[in-house]
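J.: Sharing query-v5.csv (CSV, C-alpha atoms) below.
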```
chain,number,residue,atom,x,y,z
R,1,GLN,CA,6.1,-20.6,15.9
R,2,VAL,CA,4.9,-18.2,13.3
R,3,GLN,CA,1.4,-16.7,12.9
R,4,LEU,CA,0.2,-15.7,9.5
R,5,VAL,CA,-2.5,-13.1,9.3
R,6,GLU,CA,-4.4,-12.5,6.0
R,7,SER,CA,-6.4,-9.5,5.1
R,8,GLY,CA,-7.9,-7.8,2.0
R,9,GLY,CA,-10.7,-10.3,1.1
R,10,GLY,CA,-14.2,-9.2,0.3
R,11,LEU,CA,-17.0,-9.0,-2.2
R,12,VAL,CA,-16.3,-7.7,-5.7
R,13,GLN,CA,-18.0,-7.7,-9.0
R,14,ALA,CA,-16.7,-9.8,-11.9
R,15,GLY,CA,-13.9,-7.9,-13.7
R,16,GLY,CA,-12.9,-6.1,-10.5
R,17,SER,CA,-9.7,-6.3,-8.4
R,18,LEU,CA,-8.6,-7.2,-4.9
R,19,ARG,CA,-5.3,-7.2,-3.1
R,20,LEU,CA,-4.6,-9.8,-0.4
R,21,SER,CA,-1.9,-9.4,2.2
R,22,CYS,CA,-0.4,-11.9,4.5
R,23,ALA,CA,1.9,-10.8,7.3
R,24,ALA,CA,4.1,-13.1,9.3
R,25,SER,CA,4.5,-12.5,13.0
R,26,ARG,CA,8.2,-12.5,13.0
R,27,VAL,CA,11.2,-12.4,10.6
R,28,ILE,CA,11.6,-15.5,8.6
R,29,PHE,CA,15.2,-16.7,8.3
R,30,GLY,CA,16.6,-19.0,5.6
R,31,ILE,CA,15.3,-20.1,2.3
R,32,ASN,CA,11.5,-20.2,2.4
R,33,THR,CA,8.4,-20.1,0.2
R,34,MET,CA,5.3,-18.1,0.8
R,35,GLY,CA,2.2,-18.8,-1.2
R,36,TRP,CA,-1.5,-18.5,-1.6
R,37,TYR,CA,-3.9,-21.4,-1.8
R,38,ARG,CA,-7.7,-21.3,-2.2
R,39,GLN,CA,-10.6,-23.6,-1.3
R,40,ALA,CA,-14.0,-23.3,-2.9
R,41,PRO,CA,-17.1,-25.0,-1.3
R,42,GLY,CA,-17.0,-28.7,-2.0
R,43,LYS,CA,-13.6,-28.6,-3.6
R,44,GLN,CA,-10.1,-29.4,-2.5
R,45,ARG,CA,-7.6,-26.7,-1.6
R,46,GLU,CA,-5.5,-25.7,-4.6
R,47,LEU,CA,-2.4,-23.8,-5.2
R,48,VAL,CA,-2.9,-20.3,-6.6
R,49,ALA,CA,0.7,-18.8,-6.5
R,50,THR,CA,3.9,-19.1,-4.7
R,51,ILE,CA,7.1,-17.0,-4.3
R,52,THR,CA,10.4,-18.0,-2.9
R,53,SER,CA,12.6,-15.9,-0.6
R,54,GLY,CA,14.7,-15.4,-3.7
R,55,GLY,CA,11.8,-14.0,-5.7
R,56,SER,CA,11.0,-17.0,-8.0
R,57,THR,CA,7.3,-17.3,-8.7
R,58,ASN,CA,4.9,-20.0,-9.7
R,59,TYR,CA,1.2,-19.7,-10.7
R,60,ALA,CA,-1.7,-21.9,-11.4
R,61,ASP,CA,-2.7,-21.9,-15.0
R,62,SER,CA,-6.1,-20.6,-14.1
R,63,VAL,CA,-4.7,-17.3,-12.7
R,64,LYS,CA,-1.7,-16.6,-14.9
R,65,ALA,CA,-1.8,-13.1,-16.4
R,66,ARG,CA,-4.5,-12.1,-14.0
R,67,PHE,CA,-2.9,-12.5,-10.5
R,68,THR,CA,0.5,-11.3,-9.3
R,69,ILE,CA,2.3,-12.5,-6.2
R,70,SER,CA,4.9,-10.4,-4.5
R,71,ARG,CA,6.6,-10.1,-1.2
R,72,ASP,CA,8.3,-7.6,1.0
R,73,ASN,CA,10.9,-9.4,3.1
R,74,ALA,CA,11.5,-6.3,5.2
R,75,LYS,CA,7.9,-6.4,6.3
R,76,ASN,CA,7.6,-10.2,6.4
R,77,THR,CA,4.6,-9.9,4.1
R,78,VAL,CA,3.4,-11.5,0.9
R,79,TYR,CA,0.8,-10.0,-1.4
R,80,LEU,CA,-1.6,-11.3,-4.1
R,81,GLN,CA,-2.9,-8.7,-6.6
R,82,MET,CA,-5.9,-10.2,-8.2
R,83,ASN,CA,-7.2,-8.5,-11.4
R,84,SER,CA,-10.0,-9.4,-13.8
R,85,LEU,CA,-11.7,-11.5,-11.2
R,86,LYS,CA,-14.2,-14.1,-12.2
R,87,PRO,CA,-17.0,-15.8,-10.2
R,88,GLU,CA,-15.0,-19.0,-10.3
R,89,ASP,CA,-12.3,-17.3,-8.2
R,90,THR,CA,-14.7,-17.3,-5.3
R,91,ALA,CA,-13.1,-19.2,-2.4
R,92,VAL,CA,-11.4,-18.9,0.9
R,93,TYR,CA,-7.8,-17.8,0.3
R,94,TYR,CA,-5.1,-19.2,2.6
R,95,CYS,CA,-1.6,-18.0,3.1
R,96,ARG,CA,1.1,-20.6,3.6
R,97,LEU,CA,4.8,-20.3,4.7
R,98,SER,CA,7.1,-23.3,4.3
R,99,GLY,CA,10.8,-23.9,4.6
R,100,THR,CA,13.5,-26.5,5.1
R,101,SER,CA,16.3,-27.4,7.5
R,102,PRO,CA,14.3,-28.4,9.4
R,103,SER,CA,11.2,-28.8,7.3
R,104,TYR,CA,8.2,-26.6,8.5
R,105,TYR,CA,5.0,-25.1,7.3
R,106,TYR,CA,2.4,-22.7,8.6
R,107,TRP,CA,-1.1,-21.8,7.4
R,108,GLY,CA,-3.1,-18.6,7.9
R,109,GLN,CA,-6.7,-18.6,9.0
R,110,GLY,CA,-8.0,-17.7,5.5
R,111,THR,CA,-9.8,-14.8,4.0
R,112,GLN,CA,-13.0,-15.0,2.0
R,113,VAL,CA,-13.1,-13.7,-1.6
R,114,THR,CA,-16.5,-13.6,-3.3
R,115,VAL,CA,-16.9,-12.5,-6.9
R,116,SER,CA,-20.4,-11.8,-8.1
R,117,SER,CA,-21.5,-12.1,-11.7
```
Let me see the structure of the file written as structure tokens.
T.:
Amino acid sequence: QVQLVESGGGLVQAGGSLRLSCAASRVIFGINTMGWYRQAPGKQRELVATITSGGSTNYADSVKARFTISRDNAKNTVYLQMNSLKPEDTAVYYCRLSGTSPSYYYWGQGTQVTVSS
């Protein structure tokens, strides 16, 4: 079992920045992917960005060139640097860890990001 603990959410004005962190409770072995997803009120949860244990990244079109995902494998932590924030980025942001052999996934509890106009 792995616990994921997110931090770094909050209230920021449009154009501002926030950095989210997600720490796993133990070392993650094998090939895996860590990512950030978000869910706005009344909407489905959507992918924001992912990063593999090898460092390959993937971003939603809506956040490309504004958000940067990174990870520190020694600290079992993934980060999301969010710049040029927009009101439409307002959502609860969730961290996810997934892997294979055998297949598994875990979610964090979520952290609120609110961007005021």
J.: At a cut-off of 9 Å, using all atoms listed in the file, what residues contact range 67-82 of chain R? Leave out same-chain residues fewer than 6 positions from it and give the result as a VMD selection string.
T.: chain R and resid 16 to 28 34 to 36 48 to 53 55 57 to 59 95
J.: Which residues are near Gln112 in chain R? Cut-off 9 Å, only C-alpha atoms, ignore same chain within fewer than 5 positions. Put them as an MDAnalysis selection string.
T.: chainID R and resid 8:11 90:94
J.: Have a look at CA of Gln39 in chain R and CA of Lys86 in chain R and let me know their distance in Å, one decimal.
T.: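 Answer for the CA of Gln39 in chain R to CA of Lys86 in chain R separation: 14.9 Å.
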J.: For a test of reading the model, state the distance in Å between CA of Ser98 in chain R and CA of Asn32 in chain R, rounded to one decimal.
T.: 5.7 Å
J.: If you measure from CA of Asp89 in chain R to CA of Val113 in chain R, what distance in Å do you get, rounded to one decimal?
T.: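 Spanning CA of Asp89 in chain R to CA of Val113 in chain R is a straight-line distance of 7.6 Å.
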J.: For range 101-106 of chain R, find every residue with an atom within 8 Å (counting only C-alpha atoms), except residues of its own chain fewer than 2 positions away, and show them as JSON, numbers by chain.
T.: {"R": [2, 3, 4, 96, 97, 98, 99, 108]}
J.: Any chance you can output those residues with C-alpha atoms as a PDB file, keeping the file's coordinate frame?
T.:
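This is the output file part-v9.pdb:
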```
ATOM      1  CA  VAL R   2       4.900 -18.200  13.300  1.00  0.00           C
ATOM      2  CA  GLN R   3       1.400 -16.700  12.900  1.00  0.00           C
ATOM      3  CA  LEU R   4       0.200 -15.700   9.500  1.00  0.00           C
ATOM      4  CA  ARG R  96       1.100 -20.600   3.600  1.00  0.00           C
ATOM      5  CA  LEU R  97       4.800 -20.300   4.700  1.00  0.00           C
ATOM      6  CA  SER R  98       7.100 -23.300   4.300  1.00  0.00           C
ATOM      7  CA  GLY R  99      10.800 -23.900   4.600  1.00  0.00           C
ATOM      8  CA  GLY R 108      -3.100 -18.600   7.900  1.00  0.00           C
TER       9      GLY R 108
END
```
J.: Closest to Ser117 in chain R among R:Glu88, R:Asp61, R:Gln13, R:Asn83, using all atoms listed in the file?
T.: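 Ranking R:Glu88, R:Asp61, R:Gln13, R:Asn83 by distance to Ser117 in chain R, first place goes to R:Gln13.
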J.: My list of candidates is R:Ser84, R:Thr100, R:Thr111, R:Gln1. Which is closest to Gly15 in chain R when distances are computed with all atoms listed in the file?
T.: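 Going through R:Ser84, R:Thr100, R:Thr111, R:Gln1 one by one, the smallest distance to Gly15 in chain R is for R:Ser84.
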J.: R:Arg38, R:Trp107, R:Arg66, R:Gly30: which is nearest Val5 in chain R, counting all atoms listed in the file?
T.: R:Trp107
